[in-house]
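my_file.cif (mmCIF, C-alpha atoms and all ligand atoms) appears below.
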```
data_coords
loop_
_atom_site.label_atom_id
_atom_site.label_comp_id
_atom_site.auth_asym_id
_atom_site.auth_seq_id
_atom_site.Cartn_x
_atom_site.Cartn_y
_atom_site.Cartn_z
CA MET N 1 -16.05 49.48 14.69
CA SER N 2 -15.23 51.50 17.76
CA TYR N 3 -14.09 50.46 21.21
CA LYS N 4 -15.27 52.11 24.45
CA THR N 5 -12.41 53.00 26.69
CA LYS N 6 -14.49 53.00 29.88
CA LEU N 7 -16.91 50.31 31.03
CA SER N 8 -20.05 51.12 32.99
CA SER N 9 -22.18 48.74 35.13
CA ARG N 10 -24.57 48.47 32.16
CA ASP N 11 -21.86 46.67 30.22
CA VAL N 12 -21.78 43.80 32.66
CA THR N 13 -23.67 40.67 31.55
CA PRO N 14 -26.56 40.04 33.97
CA LYS N 15 -25.97 37.19 36.45
CA THR N 16 -29.00 35.35 35.15
CA LEU N 17 -27.30 35.00 31.78
CA TRP N 18 -23.78 34.12 32.84
CA ASP N 19 -22.66 33.44 36.38
CA ARG N 20 -18.89 33.15 36.37
CA ARG N 21 -18.80 31.35 39.73
CA LYS N 22 -21.36 28.75 38.62
CA THR N 23 -19.47 28.20 35.38
CA LEU N 24 -16.21 27.71 37.26
CA LYS N 25 -17.96 25.19 39.48
CA LEU N 26 -19.11 23.34 36.36
CA ALA N 27 -15.67 23.36 34.75
CA PRO N 28 -14.34 20.18 36.43
CA TRP N 29 -17.52 18.34 35.39
CA VAL N 30 -17.11 19.46 31.78
CA LEU N 31 -13.45 18.41 31.89
CA PHE N 32 -14.46 15.07 33.40
CA GLN N 33 -16.92 14.49 30.58
CA GLY N 34 -14.26 15.44 28.07
CA LEU N 35 -11.78 13.00 29.54
CA PHE N 36 -14.04 10.04 30.26
CA PHE N 37 -17.21 10.35 28.24
CA LEU N 38 -15.73 11.37 24.89
CA PRO N 39 -13.20 8.56 24.77
CA LYS N 40 -16.11 6.15 25.34
CA LEU N 41 -17.87 7.64 22.36
CA THR N 42 -14.79 7.37 20.18
CA GLU N 43 -14.32 3.83 21.41
CA ALA N 44 -17.60 2.84 19.88
CA ARG N 45 -16.26 3.85 16.46
CA ASP N 46 -15.83 1.44 13.62
CA THR N 47 -12.12 1.21 12.91
CA VAL N 48 -12.17 -0.97 9.80
CA GLY N 49 -10.15 0.73 7.08
CA LYS N 50 -9.69 3.89 9.19
CA LYS N 51 -6.35 5.68 9.02
CA LEU N 52 -4.06 5.39 12.04
CA LYS N 53 -1.52 8.19 12.52
CA SER N 54 2.04 7.07 13.11
CA LEU N 55 5.62 8.22 12.91
CA LYS N 56 7.87 6.44 10.43
CA ASP N 57 10.43 4.34 12.23
CA LYS N 58 13.86 4.31 10.60
CA LEU N 59 15.75 2.42 13.26
CA PHE N 60 14.18 -1.02 12.90
CA SER N 61 12.42 -0.86 9.54
CA THR N 62 13.61 -2.78 6.50
CA THR N 63 13.65 -1.02 3.13
CA GLU N 64 12.71 -4.20 1.24
CA PRO N 65 9.66 -3.98 -1.03
CA LEU N 66 6.33 -4.38 0.76
CA THR N 67 4.09 -7.38 0.27
CA ALA N 68 0.90 -6.31 -1.53
CA TYR N 69 -1.85 -5.32 0.90
CA SER N 70 -4.27 -7.64 -0.89
CA LYS N 71 -1.95 -10.63 -0.23
CA ALA N 72 -1.18 -9.69 3.39
CA THR N 73 -4.90 -9.52 4.19
CA SER N 74 -6.14 -12.56 2.26
CA TYR N 75 -3.45 -15.22 2.81
CA ASN N 76 -3.57 -15.63 6.58
CA ASN N 77 -3.14 -18.06 9.41
CA TYR N 78 -5.81 -17.50 12.02
CA TYR N 79 -7.05 -20.94 13.00
CA GLU N 80 -9.91 -19.53 15.07
CA PHE N 81 -11.55 -18.88 11.68
CA GLY N 82 -10.45 -22.11 9.98
CA THR N 83 -7.28 -23.76 8.71
CA ASP N 84 -7.49 -22.67 5.09
CA LYS N 85 -5.45 -19.55 4.20
CA SER N 86 -8.58 -17.94 2.79
CA ASP N 87 -10.81 -18.66 5.83
CA PRO N 88 -9.75 -15.69 8.01
CA LYS N 89 -10.68 -13.14 5.35
CA LYS N 90 -13.99 -14.92 4.76
CA TYR N 91 -15.11 -15.24 8.38
CA ALA N 92 -13.20 -12.73 10.54
CA TYR N 93 -15.80 -10.00 10.06
CA GLN N 94 -17.90 -11.96 12.59
CA LEU N 95 -15.55 -11.00 15.44
CA GLU N 96 -16.83 -7.98 17.35
CA ILE N 97 -13.83 -5.89 18.31
CA GLU N 98 -15.62 -3.06 20.09
CA PRO N 99 -15.61 -2.70 23.01
CA TRP N 100 -12.35 -4.51 23.82
CA VAL N 101 -10.35 -4.77 27.01
CA VAL N 102 -6.86 -6.20 27.52
CA ARG N 103 -6.14 -7.44 31.04
CA VAL N 104 -2.48 -7.12 32.08
CA GLU N 105 -1.90 -9.15 35.22
CA GLY N 106 0.19 -11.75 37.03
CA HIS N 107 3.54 -10.81 38.57
CA VAL N 108 3.07 -7.03 38.24
CA SER N 109 2.69 -4.34 40.90
CA GLN N 110 -0.09 -2.56 39.03
CA PRO N 111 -2.38 -5.01 37.23
CA LYS N 112 -4.88 -3.22 35.03
CA ASP N 113 -7.63 -3.66 32.47
CA PHE N 114 -6.72 -1.42 29.52
CA THR N 115 -9.49 -0.17 27.25
CA MET N 116 -8.63 0.21 23.58
CA ASN N 117 -8.64 3.94 23.99
CA GLU N 118 -6.07 3.70 26.78
CA LEU N 119 -3.93 1.39 24.65
CA LEU N 120 -4.18 3.57 21.54
CA THR N 121 -3.00 6.64 23.45
CA LEU N 122 -0.44 5.02 25.73
CA ALA N 123 2.64 5.79 23.60
CA PRO N 124 3.39 7.39 20.20
CA MET N 125 2.49 5.11 17.29
CA GLU N 126 5.32 4.07 14.99
CA GLU N 127 5.25 2.46 11.57
CA ARG N 128 7.73 -0.39 11.43
CA VAL N 129 8.31 -2.36 8.27
CA TYR N 130 9.09 -5.88 9.45
CA ARG N 131 9.79 -9.17 7.75
CA LEU N 132 7.62 -11.92 9.18
CA ARG N 133 8.50 -15.51 8.34
CA CYS N 134 5.98 -18.26 8.83
CA VAL N 135 7.08 -21.67 10.08
CA GLU N 136 5.52 -23.10 6.90
CA GLY N 137 8.26 -21.53 4.75
CA TRP N 138 6.79 -18.31 3.38
CA SER N 139 7.42 -14.72 4.40
CA MET N 140 5.98 -11.25 3.98
CA VAL N 141 7.16 -7.64 4.49
CA ILE N 142 4.49 -5.58 6.21
CA PRO N 143 4.38 -2.00 7.51
CA TRP N 144 2.94 -2.57 11.00
CA ILE N 145 1.76 0.25 13.24
CA GLY N 146 2.16 0.17 16.99
CA TYR N 147 4.74 0.75 19.69
CA SER N 148 7.15 -1.44 21.61
CA LEU N 149 5.36 -3.83 23.96
CA SER N 150 7.84 -2.66 26.63
CA GLU N 151 5.92 0.65 26.79
CA LEU N 152 2.90 -1.21 28.13
CA LEU N 153 4.83 -3.63 30.35
CA ARG N 154 6.77 -0.81 32.04
CA ARG N 155 3.49 0.80 33.09
CA VAL N 156 2.30 -2.24 35.04
CA ALA N 157 5.67 -2.59 36.83
CA PRO N 158 6.73 -6.26 36.56
CA THR N 159 7.85 -7.65 39.93
CA LYS N 160 11.10 -9.56 40.49
CA ASP N 161 9.25 -12.87 40.02
CA ALA N 162 8.14 -11.98 36.48
CA ARG N 163 10.24 -14.03 34.03
CA TYR N 164 7.85 -14.81 31.17
CA VAL N 165 4.86 -13.24 29.42
CA GLU N 166 1.81 -15.21 28.31
CA PHE N 167 -0.54 -13.85 25.63
CA THR N 168 -4.09 -15.15 25.27
CA THR N 169 -6.34 -14.65 22.24
CA VAL N 170 -10.05 -13.99 22.73
CA TYR N 171 -12.26 -17.10 23.13
CA ARG N 172 -15.60 -16.58 21.37
CA PRO N 173 -16.77 -19.75 19.61
CA ASP N 174 -20.01 -17.99 18.63
CA GLN N 175 -17.99 -15.49 16.55
CA MET N 176 -15.02 -17.70 15.60
CA PRO N 177 -16.09 -20.81 13.66
CA GLY N 178 -12.71 -22.54 14.04
CA GLN N 179 -13.08 -22.49 17.82
CA ARG N 180 -16.17 -24.68 17.48
CA LYS N 181 -13.86 -27.48 16.30
CA PRO N 182 -11.06 -29.16 18.26
CA ILE N 183 -8.36 -27.95 15.81
CA LEU N 184 -6.20 -26.57 18.64
CA ASP N 185 -6.54 -26.33 22.41
CA TRP N 186 -8.51 -23.05 22.66
CA PRO N 187 -8.00 -20.29 23.57
CA TYR N 188 -4.79 -19.73 21.59
CA THR N 189 -1.93 -18.86 23.91
CA GLU N 190 1.64 -17.85 23.19
CA GLY N 191 4.59 -16.83 25.30
CA LEU N 192 7.89 -15.00 25.41
CA ARG N 193 10.67 -14.72 27.95
CA LEU N 194 10.39 -11.32 29.67
CA ASP N 195 13.62 -10.03 28.11
CA GLU N 196 12.31 -10.99 24.65
CA ALA N 197 9.03 -9.21 25.39
CA MET N 198 10.93 -6.12 26.59
CA ASN N 199 13.19 -6.03 23.52
CA PRO N 200 12.32 -2.88 21.56
CA LEU N 201 11.69 -4.94 18.40
CA THR N 202 8.67 -6.65 19.97
CA LEU N 203 5.74 -4.61 18.76
CA LEU N 204 2.25 -4.22 20.20
CA SER N 205 0.41 -3.61 16.97
CA PHE N 206 -2.91 -2.00 16.12
CA GLY N 207 -2.57 -1.31 12.42
CA MET N 208 -0.88 -2.00 9.10
CA TYR N 209 -0.39 -0.12 5.82
CA GLY N 210 -1.42 3.19 7.44
CA SER N 211 -4.79 2.01 8.82
CA PHE N 212 -6.24 -0.05 11.64
CA SER N 213 -5.66 -3.77 11.00
CA PRO N 214 -8.46 -5.81 9.50
CA ASN N 215 -9.78 -8.58 11.76
CA GLN N 216 -8.02 -11.35 9.81
CA ASN N 217 -4.67 -9.81 10.77
CA GLY N 218 -5.45 -9.77 14.49
CA ALA N 219 -7.55 -6.69 15.24
CA PRO N 220 -7.84 -4.87 17.48
CA VAL N 221 -4.47 -5.64 19.06
CA ARG N 222 -1.75 -8.25 18.55
CA VAL N 223 1.97 -8.68 18.99
CA ILE N 224 4.57 -8.89 16.23
CA VAL N 225 7.81 -10.69 17.09
CA PRO N 226 9.76 -10.47 13.83
CA TRP N 227 12.74 -12.71 14.67
CA LYS N 228 10.48 -15.67 15.54
CA TYR N 229 8.25 -17.86 13.40
CA GLY N 230 4.90 -16.20 12.72
CA PHE N 231 2.88 -18.27 15.18
CA LYS N 232 4.59 -16.52 18.13
CA SER N 233 2.80 -13.30 17.06
CA ALA N 234 -0.58 -13.89 18.74
CA LYS N 235 -3.63 -12.10 17.36
CA SER N 236 -6.66 -10.43 19.00
CA ILE N 237 -5.19 -10.48 22.49
CA VAL N 238 -7.35 -10.15 25.60
CA SER N 239 -4.84 -11.09 28.29
CA ILE N 240 -1.16 -10.47 28.93
CA ARG N 241 0.00 -12.34 32.03
CA LEU N 242 3.46 -12.11 33.56
CA THR N 243 4.50 -15.44 35.00
CA GLU N 244 7.38 -17.02 36.87
CA LYS N 245 7.30 -20.30 34.92
CA GLU N 246 7.54 -20.78 31.15
CA PRO N 247 3.94 -20.71 29.91
CA GLN N 248 2.45 -23.67 28.06
CA THR N 249 1.78 -22.50 24.52
CA THR N 250 -0.84 -23.75 22.09
CA TRP N 251 1.62 -25.00 19.47
CA VAL N 252 3.94 -26.68 21.98
CA LYS N 253 0.90 -28.45 23.41
CA ALA N 254 -0.26 -29.46 19.91
CA SER N 255 3.10 -30.94 18.85
CA PRO N 256 6.09 -30.47 21.17
CA LYS N 257 8.50 -32.23 18.79
CA GLU N 258 7.67 -29.83 15.98
CA TYR N 259 7.23 -26.49 17.74
CA GLY N 260 9.43 -25.22 20.54
CA PHE N 261 8.84 -22.43 23.04
CA TYR N 262 11.56 -20.25 21.45
CA SER N 263 10.80 -20.80 17.76
CA ASN N 264 13.49 -18.38 16.64
CA VAL N 265 13.82 -18.28 12.86
CA ASN N 266 16.85 -20.49 12.25
CA PRO N 267 17.86 -21.91 8.84
CA SER N 268 20.03 -24.60 10.44
CA VAL N 269 17.40 -26.09 12.76
CA ASN N 270 14.91 -27.92 10.61
CA HIS N 271 11.30 -28.67 11.36
CA PRO N 272 11.08 -32.49 11.68
CA ARG N 273 9.00 -32.64 8.48
CA TRP N 274 10.75 -29.99 6.34
CA SER N 275 13.87 -27.86 5.98
CA GLN N 276 13.86 -24.28 7.24
CA ALA N 277 16.88 -23.26 5.11
CA ARG N 278 14.89 -21.39 2.45
CA GLU N 279 11.66 -19.46 2.15
CA ARG N 280 9.33 -18.02 -0.46
CA ARG N 281 8.55 -14.33 -0.15
CA ILE N 282 4.86 -13.98 -0.99
CA GLY N 283 4.63 -12.38 -4.45
CA GLU N 284 7.99 -13.79 -5.59
CA PHE N 285 8.69 -16.96 -7.51
CA ARG N 286 12.25 -17.88 -6.57
CA LYS N 287 12.98 -19.01 -3.05
CA ARG N 288 15.54 -17.09 -0.99
CA ASP N 289 17.82 -18.14 1.89
CA THR N 290 16.31 -17.84 5.34
CA LEU N 291 18.40 -15.72 7.70
CA LEU N 292 19.24 -16.54 11.31
CA PHE N 293 16.80 -14.65 13.57
CA ASN N 294 15.08 -13.61 10.32
CA GLY N 295 17.93 -11.10 9.82
CA TYR N 296 17.38 -9.33 13.18
CA GLY N 297 20.50 -10.82 14.83
CA ASP N 298 22.05 -7.41 15.58
CA GLN N 299 19.11 -6.63 17.85
CA VAL N 300 18.40 -10.03 19.41
CA ALA N 301 21.36 -12.47 19.15
CA LYS N 302 22.58 -11.33 22.57
CA LEU N 303 19.38 -12.69 24.16
CA TYR N 304 20.53 -16.23 23.35
CA GLU N 305 24.25 -16.07 24.12
CA GLY N 306 25.47 -19.41 25.43
CA MET N 307 22.21 -21.20 24.64
CA ASN N 308 22.09 -24.33 22.54
CA LEU N 309 19.60 -23.27 19.84
CA GLU N 310 19.07 -26.86 18.69
CA LYS N 311 17.93 -27.87 22.15
CA TYR N 312 16.00 -24.66 22.79
CA PHE N 313 14.41 -24.51 19.34
N1 LIG N 401 -2.88 -15.96 16.42
C1 LIG N 401 -4.00 -16.65 16.67
N2 LIG N 401 -4.77 -16.26 17.70
N3 LIG N 401 -4.37 -17.73 15.93
C2 LIG N 401 -3.60 -18.18 14.90
O1 LIG N 401 -3.97 -19.18 14.26
N4 LIG N 401 -1.56 -17.87 13.59
C3 LIG N 401 -0.16 -17.46 13.70
C4 LIG N 401 -0.03 -15.97 14.06
N5 LIG N 401 -0.95 -15.62 15.12
C5 LIG N 401 -2.39 -17.48 14.61
C6 LIG N 401 -2.08 -16.34 15.40
C7 LIG N 401 0.62 -17.73 12.49
S1 LIG N 401 0.98 -19.37 12.18
C8 LIG N 401 1.10 -16.75 11.67
S2 LIG N 401 2.13 -17.13 10.36
C9 LIG N 401 0.70 -15.33 11.88
O2 LIG N 401 -0.28 -15.17 12.91
C10 LIG N 401 0.12 -14.78 10.59
O3 LIG N 401 -0.16 -13.42 10.73
P1 LIG N 401 -0.80 -12.64 9.49
O4 LIG N 401 -2.01 -13.41 9.04
O5 LIG N 401 -1.16 -11.27 10.00
O6 LIG N 401 0.26 -12.58 8.41
#
```
As structure tokens, what does this structure read like?
Ligand code: MTE
Amino acid sequence: MSYKTKLSSRDVTPKTLWDRRKTLKLAPWVLFQGLFFLPKLTEARDTVGKKLKSLKDKLFSTTEPLTAYSKATSYNNYYEFGTDKSDPKKYAYQLEIEPWVVRVEGHVSQPKDFTMNELLTLAPMEERVYRLRCVEGWSMVIPWIGYSLSELLRRVAPTKDARYVEFTTVYRPDQMPGQRKPILDWPYTEGLRLDEAMNPLTLLSFGMYGSFSPNQNGAPVRVIVPWKYGFKSAKSIVSIRLTEKEPQTTWVKASPKEYGFYSNVNPSVNHPRWSQARERRIGEFRKRDTLLFNGYGDQVAKLYEGMNLEKYF
């Protein structure tokens, strides 16, 4: 190969083949397509079983052995699909999770409808291995993938009137057989105080065990609040509303004597029908002692200083 040191006019590409000015004019359009059209294409993808890249989180993760994936995805509470532990795995495939939009509204300066693509790229994904203890007395250890909910809430700029956050699960009786029965007051709603929602432990989660979550675990997006009983961690969320007053939650409405708004894991405050002192880790035989705030006291005990936890259970 040899290179010419001097260029003549014959070396110039004819304008009919490549017009630099025209191409430059087109560039913003191409960029626009890249930014807006491509994400729409990727949004139409099927995420079931797909890998989800994340950074390992050392700060909040427990090193306890993980619950088997098969157990974590087949022994579920997701009443929209039925009350039996095996119902969610059986029926949750019926829920269409694409496209999906999460409305963030209420007492915020910048309310917004977030597409899944916007949510998936909003902040770096982290893998956090959390203990989750169900109010029924069993617990699991699951590597969740997501980022702190505070990342999302900061972007919508809560106003000074925002004191609580209400989460609402999708309402689609045609795709969720449990919603065709009056098991609970649908749609499922849950709530947190704003400072609980802003605590870095509170995770907005999209995946588990290295991949996107299966529907029975709350795809495409849910929260994980590891120091509270499992029912506070609402699945398949479509609305996040910042409110001034404490939101009415599904379980408080269903049975206010049994389920409180706070529902912090607490071995010394019993459920009226059973003790909360011990729990069975799924996959283990012997029961173990339940820990105050599910063992996350270092991160969250300060949120409840001076509060009577028996009254505010
Ligand atoms: N979210 C909705 N929408 N519906 C539910 O029935 N069950 C809750 C919580 N989130 C529930 C829900 C309960 S009681 C528990 S213990 C956890 O989901 C279980 O989450 P997992 O199945 O991913 O372990």
Can you check which parts of segment 34-124 of chain N lie within 8 Å of segment 239-256 of chain N? Per residue, the shortest pair of atoms and distance in Å to one decimal, counting all atoms listed in the file, sorted by chain and number, as a Markdown table.
```
| residue | atom | partner | partner_atom | distance |
| --- | --- | --- | --- | --- |
| N:Val102 | CA | N:Ser239 | CA | 5.3 |
| N:Arg103 | CA | N:Ser239 | CA | 4.8 |
| N:Val104 | CA | N:Ile240 | CA | 4.8 |
| N:Glu105 | CA | N:Arg241 | CA | 4.9 |
| N:Gly106 | CA | N:Leu242 | CA | 4.8 |
| N:His107 | CA | N:Leu242 | CA | 5.2 |
| N:Val108 | CA | N:Leu242 | CA | 6.9 |
```
Would you list the contacts of Ser233 of chain N as a compact mmCIF listing (two decimals) with C-alpha atoms, in the frame of the given file, taking every protein, DNA or RNA residue within 9 Å and counting only C-alpha atoms, but skipping same-chain residues closer than 3 positions in sequence?
```txt
# COMPACT_ATOMS: atom_id res chain seq x y z
CA GLU N 190 1.64 -17.85 23.19
CA ARG N 222 -1.75 -8.25 18.55
CA VAL N 223 1.97 -8.68 18.99
CA ILE N 224 4.57 -8.89 16.23
CA VAL N 225 7.81 -10.69 17.09
CA PRO N 226 9.76 -10.47 13.83
CA LYS N 228 10.48 -15.67 15.54
CA TYR N 229 8.25 -17.86 13.40
CA GLY N 230 4.90 -16.20 12.72
```
Could you give me the centre and size, in Å to one decimal, of an axis-aligned box around all listed atoms of ligand LIG 401 (chain N) with 6 Å added on every side, as lines of an AutoDock Vina configuration file?
```
center_x = -1.3
center_y = -15.3
center_z = 13.1
size_x = 18.9
size_y = 20.1
size_z = 21.3
```
- With only C-alpha atoms as the basis for distance, which of N:Glu98, N:Asp185, N:Glu284, N:Glu80 is at the shortest distance from Lys235 of chain N? N:Glu80
- Message: Which residues are close to Asn215 of chain N, i.e. within 8 Å by only C-alpha atoms, leaving aside same-chain residues fewer than 5 positions away? Reply as a PyMOL selection string.
- Response: chain N and resi 89+92-93+95+220
- Task: Would you mind reading off the distance between atom CA of Phe313 of chain N and atom CA of Val135 of chain N, one decimal, in Å?
- Result: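 We find that atom CA of Phe313 of chain N and atom CA of Val135 of chain N lie 12.1 Å from each other.
Non-sequential neighbours of Leu192 of chain N (distance at most 7 Å, separation of 5 or more positions within a chain, all atoms listed in the file) are Tyr164, Val165, Glu166 and Ala197 of chain N.
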- What separation in Å, quoted to one decimal, exists between atom CA of Thr168 of chain N and atom CA of Glu305 of chain N?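 Going from atom CA of Thr168 of chain N over to atom CA of Glu305 of chain N covers 28.4 Å.
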- Query: Which polymer residues have any atom within 9 Å of an atom of Tyr91 of chain N, counting only C-alpha atoms, with same-chain residues fewer than 6 positions away left out, as number ranges by chain?
  - Reply: N: 81-82, 175-177, 216
For the residues selected in the previous step, produce a file with C-alpha atoms as a PDB file, keeping the file's coordinate frame.
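And here's result.pdb as it stands now:
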```
ATOM      1  CA  PHE N  81     -11.550 -18.880  11.680  1.00  0.00           C
ATOM      2  CA  GLY N  82     -10.450 -22.110   9.980  1.00  0.00           C
ATOM      3  CA  GLN N 175     -17.990 -15.490  16.550  1.00  0.00           C
ATOM      4  CA  MET N 176     -15.020 -17.700  15.600  1.00  0.00           C
ATOM      5  CA  PRO N 177     -16.090 -20.810  13.660  1.00  0.00           C
ATOM      6  CA  GLN N 216      -8.020 -11.350   9.810  1.00  0.00           C
TER       7      GLN N 216
END
```
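Proximity to Ser70 of chain N was assessed for N:Gly191, N:Ala234, N:Lys311, N:Met208 counting only C-alpha atoms; the smallest distance is recorded for N:Met208.
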- Message: So, with only C-alpha atoms and all ligand atoms as the atoms that count, which of N:Gln110, N:Asn77, N:Ser205, N:Ser275 lies closest to ligand LIG 401 (chain N)?
- Response: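 Among the listed residues, N:Asn77 lies closest to ligand LIG 401 (chain N).
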- Task: Name the closest residue to ligand LIG 401 (chain N) among the candidates N:Asp174, N:Glu118, N:Asp84, N:Asp113; distances are taken between atoms, counting only C-alpha atoms and all ligand atoms.
- Result: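 Of the candidates, the smallest distance to ligand LIG 401 (chain N) is held by N:Asp84.
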- Could you check which of N:Gly49, N:Pro65, N:Pro187, N:Pro111 is closest to ligand LIG 401 (chain N), using only C-alpha atoms and all ligand atoms?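 With only C-alpha atoms and all ligand atoms as the atom set, the closest residue is N:Pro187.
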- Query: Using all atoms listed in the file, which of N:Trp138, N:Tyr296, N:Trp274, N:Tyr262 sits nearest ligand LIG 401 (chain N)?
  - Reply: N:Trp138
